[in-house]
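Student: First the structure, then my questions, so here it is.
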Amino acid sequence: MGVLEQAKGKKIFLGADNDALIKIVAINVLVTAMLFLVKGIYQISSIDLSFYQSQVLKHFLLPASFIKALSGPWTLITYMFVHTDIWSLIANMLWLWGFGTIMQTLYGSGKLAPLYIYGGLAGGVFYLLAGTFTSAEASLAGASACVMAVAVAITVAAPGYRIFPMLSGGIPLWVLTLIYVVINVAGLSYNPALYTAQLGGAAIGFAYISFLNRGRDIGNWMNRLYDWFFNLFNPDIAEARRQRDRENVFYDTGGKKPFRKKPNLNQQRIDEILDKINTSGIYSLTQEEKDLLKRAGEEEL
């Protein structure tokens, strides 16, 4: 099997540590399931559901004005993981699955979670602005703005990407995105603030991929923060860092270029590079790794 075929075959699989998509879907499902469970307890206890709305649900949904949001600023984050009905949850997660899979295939799993959060934040801020000026009374819930951000980002990045290749060469990605936008907008109740939230998600999706194509990853700090936090509880990290320090020896070469050792070509090294492509995308490879991958392909020919 050639190197290129191996790269295509080593897809991110469900449950993998680097699979951001499955983690995002799981959080949405678990949070929504928890709220439905609490709602069921209220119903079983014959408590009026208006108390559930005021005592529980309102603390997860984003209100339609900055003044109301000040009493619960965390709702700018929580709303994007909460769905008030099962059908909106299913629809959003299916669309996220489709667009998110393409995002991870092209750019690795490290880009999806920051884009999802940025999309939700932008959608929330736009919703607050529109709600404040229109005096809207509704609250915002669901991952629609986040999914819109992912859809727009991946469409701008690869408009020629084709899905279902067995159908006369495949369907262009932009067609799928257009269908999603039409269905999503048509399903919204007539509330200008809701449309504005979708616009905010689309805008951040376009901006995110524009920065990324210029070599600036505006979501990298989220990944570093995530890694730093969980590495605090991993005792192997400190030992690995000390081991790397012992292996790094510096010499005074008097201005001369040091001897450059040509890395050995072996299957383990190739697998590591392929895993890096699946995790961070092909753009994350160093020149040495690109040369090694090229050598591997030439030797297989």
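Here, A, B, ... name the chains of the structure tokens in the order displayed, residue numbers run from 1 inside each chain, and ligands are numbered from 1 in the same displayed order.
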When DSSP works through the backbone of this structure, what residues of segment 118-193 of chain A end up as strand (DSSP E or B), shown as an NGL selection string?

Tutor: :A and (139-140 or 162-163 or 171-172)

Student: Which residues are near Trp87 of chain A? Cut-off 12 Å, only C-alpha atoms, ignore same chain within fewer than 6 positions. Put them as a list in words.

Tutor: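 These residues fall inside the cut-off: Val29, Thr32, Met93, Leu94, Gly142 and Gly187 of chain A.
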
Student: Would you list, as a ChimeraX atom specification, the residues of segment 156-220 of chain A that end up in alpha helix (DSSP H) under DSSP run on this structure's backbone?

Tutor: /A:156-157,173-186,192-213,220

Student: Restrict the calculation to only C-alpha atoms, then for each residue of segment 71-178 of chain A with any atom at most 12 Å from an atom of segment 284-289 of chain A give the closest atom pair and their distance in Å to one decimal, rows by chain and rising residue number, as a Markdown table.

Tutor:
```
| residue | atom | partner | partner_atom | distance |
| --- | --- | --- | --- | --- |
| A:Leu106 | CA | A:Ser284 | CA | 11.5 |
| A:Tyr107 | CA | A:Ser284 | CA | 9.1 |
| A:Gly108 | CA | A:Ser284 | CA | 9.4 |
| A:Gly110 | CA | A:Ser284 | CA | 10.8 |
| A:Lys111 | CA | A:Ser284 | CA | 11.8 |
```

Student: In terms of the shortest atom-to-atom distance over only C-alpha atoms, which of A:Ile27, A:Ala91, A:Leu115, A:Leu293 is closest to Val150 of chain A?

Tutor: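 Among A:Ile27, A:Ala91, A:Leu115, A:Leu293, it is A:Leu115 that comes nearest to Val150 of chain A.
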
Student: With only C-alpha atoms as the counted atoms, please give the residues lying no more than 9 Å from segment 62-72 of chain A, apart from itself and same-chain residues fewer than 3 positions off, as a PyMOL selection string.

Tutor: chain A and resi 58-59+75-80+124-125+127-133+135-141+193

Student: Would you mind telling me which residue in A:Met148, A:Ala157, A:Ala186, A:Leu212 lies nearest to Gln198 of chain A when using only C-alpha atoms?

Tutor: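 Closest to Gln198 of chain A of all the choices is A:Met148.
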
Student: So which residues touch Thr101 of chain A within 12 Å, counting only C-alpha atoms, skipping near sequence neighbours fewer than 3 positions away, as a list in words?

Tutor: Lys11, Ile12, Phe13, Leu14, Asp19, Ala20, Leu21, Ile22, Val25, Met93, Leu94, Trp95, Leu96, Trp97, Gly98, Gln104, Thr105, Leu106, Tyr107, Gly108, Ser109, Lys111, Leu112, Val150, Ala151, Ile154, Ile163 and Asn278 of chain A

Student: Env of Leu35 of chain A: 9 Å cut, atoms = only C-alpha atoms, seq-sep filter 2 positions within chain, self excluded. Answer as a PDB file with N, CA and C atoms, in the first residue's frame.

Tutor:
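Contents of the output file selection_11.pdb:
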```
ATOM      1  N   LEU A  30     -25.352  14.906  25.928  1.00  0.00           N
ATOM      2  CA  LEU A  30     -25.390  14.724  27.376  1.00  0.00           C
ATOM      3  C   LEU A  30     -26.063  15.900  28.072  1.00  0.00           C
ATOM      4  N   VAL A  31     -25.728  17.133  27.670  1.00  0.00           N
ATOM      5  CA  VAL A  31     -26.335  18.309  28.302  1.00  0.00           C
ATOM      6  C   VAL A  31     -27.833  18.343  28.039  1.00  0.00           C
ATOM      7  N   THR A  32     -28.227  18.090  26.798  1.00  0.00           N
ATOM      8  CA  THR A  32     -29.652  18.091  26.468  1.00  0.00           C
ATOM      9  C   THR A  32     -30.382  16.970  27.190  1.00  0.00           C
ATOM     10  N   ALA A  33     -29.773  15.790  27.272  1.00  0.00           N
ATOM     11  CA  ALA A  33     -30.387  14.663  27.976  1.00  0.00           C
ATOM     12  C   ALA A  33     -30.558  14.968  29.465  1.00  0.00           C
ATOM     13  N   LEU A  37     -34.072  15.082  31.468  1.00  0.00           N
ATOM     14  CA  LEU A  37     -34.279  14.282  32.667  1.00  0.00           C
ATOM     15  C   LEU A  37     -34.865  15.136  33.794  1.00  0.00           C
ATOM     16  N   VAL A  38     -34.296  16.321  33.978  1.00  0.00           N
ATOM     17  CA  VAL A  38     -34.810  17.230  35.007  1.00  0.00           C
ATOM     18  C   VAL A  38     -36.250  17.637  34.682  1.00  0.00           C
ATOM     19  N   LYS A  39     -36.507  17.890  33.410  1.00  0.00           N
ATOM     20  CA  LYS A  39     -37.866  18.241  33.000  1.00  0.00           C
ATOM     21  C   LYS A  39     -38.837  17.101  33.300  1.00  0.00           C
ATOM     22  N   GLY A  40     -38.372  15.865  33.058  1.00  0.00           N
ATOM     23  CA  GLY A  40     -39.211  14.702  33.358  1.00  0.00           C
ATOM     24  C   GLY A  40     -39.521  14.583  34.836  1.00  0.00           C
ATOM     25  N   VAL A  56     -34.699  26.328  36.052  1.00  0.00           N
ATOM     26  CA  VAL A  56     -33.624  25.508  35.472  1.00  0.00           C
ATOM     27  C   VAL A  56     -33.220  25.994  34.085  1.00  0.00           C
ATOM     28  N   LEU A  57     -34.145  25.911  33.128  1.00  0.00           N
ATOM     29  CA  LEU A  57     -33.797  26.113  31.724  1.00  0.00           C
ATOM     30  C   LEU A  57     -33.260  27.508  31.438  1.00  0.00           C
ATOM     31  N   VAL A  82     -27.118  23.377  24.262  1.00  0.00           N
ATOM     32  CA  VAL A  82     -28.445  23.042  24.777  1.00  0.00           C
ATOM     33  C   VAL A  82     -29.474  23.079  23.655  1.00  0.00           C
ATOM     34  N   HIS A  83     -30.321  22.045  23.609  1.00  0.00           N
ATOM     35  CA  HIS A  83     -31.419  22.006  22.644  1.00  0.00           C
ATOM     36  C   HIS A  83     -32.712  21.751  23.412  1.00  0.00           C
ATOM     37  N   THR A  84     -33.738  22.504  23.074  1.00  0.00           N
ATOM     38  CA  THR A  84     -34.995  22.408  23.810  1.00  0.00           C
ATOM     39  C   THR A  84     -35.943  21.361  23.246  1.00  0.00           C
TER      40      THR A  84
END
```

Student: Please indicate the distance in Å from atom CA of Gly200 of chain A to atom CA of Gly119 of chain A, rounded to one decimal place.

Tutor: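 Computing it gives 7.2 Å between the two atoms.
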
Student: Record the distance separating atom CA of Leu194 of chain A and atom CA of Leu121 of chain A, expressed in Å with one decimal.

Tutor: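 Between atom CA of Leu194 of chain A and atom CA of Leu121 of chain A the gap works out to 13.8 Å.
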
Student: Could you please determine the separation between atom CA of Phe60 of chain A and atom CA of Ile209 of chain A in Å, to one decimal place?

Tutor: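 Taking atom CA of Phe60 of chain A and atom CA of Ile209 of chain A, their separation equals 29.1 Å.
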
Student: So that I can check the surroundings of Gly120 of chain A, please list as a short mmCIF file (atom, residue, chain, number, x, y, z; two decimals) with C-alpha atoms, in the first residue's frame every protein, DNA and RNA residue that reaches within 7 Å of it, counting only C-alpha atoms and ignoring chain neighbours fewer than 5 positions away.

Tutor:
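Once written, around.cif looks like this:
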```cif
data_model
loop_
_atom_site.label_atom_id
_atom_site.label_comp_id
_atom_site.auth_asym_id
_atom_site.auth_seq_id
_atom_site.Cartn_x
_atom_site.Cartn_y
_atom_site.Cartn_z
CA MET A 80 -24.64 26.45 22.17
CA ALA A 145 -24.80 29.28 14.71
CA CYS A 146 -21.90 26.91 15.42
CA GLY A 201 -21.90 32.27 12.79
#
```

Student: Within 8 Å of Tyr208 of chain A, counting only C-alpha atoms, which residues qualify if same-chain residues fewer than 6 places away don't, as a VMD selection string?

Tutor: chain A and resid 115 153 217 to 218

Student: Only N, CA and C atoms, please: the residues just picked out, written as an mmCIF file, in the first residue's frame.

Tutor:
```cif
data_model
loop_
_atom_site.group_PDB
_atom_site.id
_atom_site.type_symbol
_atom_site.label_atom_id
_atom_site.label_comp_id
_atom_site.auth_asym_id
_atom_site.auth_seq_id
_atom_site.Cartn_x
_atom_site.Cartn_y
_atom_site.Cartn_z
ATOM 1 N N LEU A 115 -13.377 26.484 16.153
ATOM 2 C CA LEU A 115 -14.313 27.071 15.199
ATOM 3 C C LEU A 115 -15.740 26.960 15.715
ATOM 4 N N ALA A 153 -17.102 27.913 6.770
ATOM 5 C CA ALA A 153 -15.642 27.822 6.778
ATOM 6 C C ALA A 153 -15.149 26.760 5.809
ATOM 7 N N ASP A 217 -3.518 30.791 12.981
ATOM 8 C CA ASP A 217 -4.532 29.958 13.614
ATOM 9 C C ASP A 217 -5.044 30.673 14.863
ATOM 10 N N ILE A 218 -6.187 31.352 14.756
ATOM 11 C CA ILE A 218 -6.702 32.130 15.876
ATOM 12 C C ILE A 218 -7.344 31.249 16.942
#
```
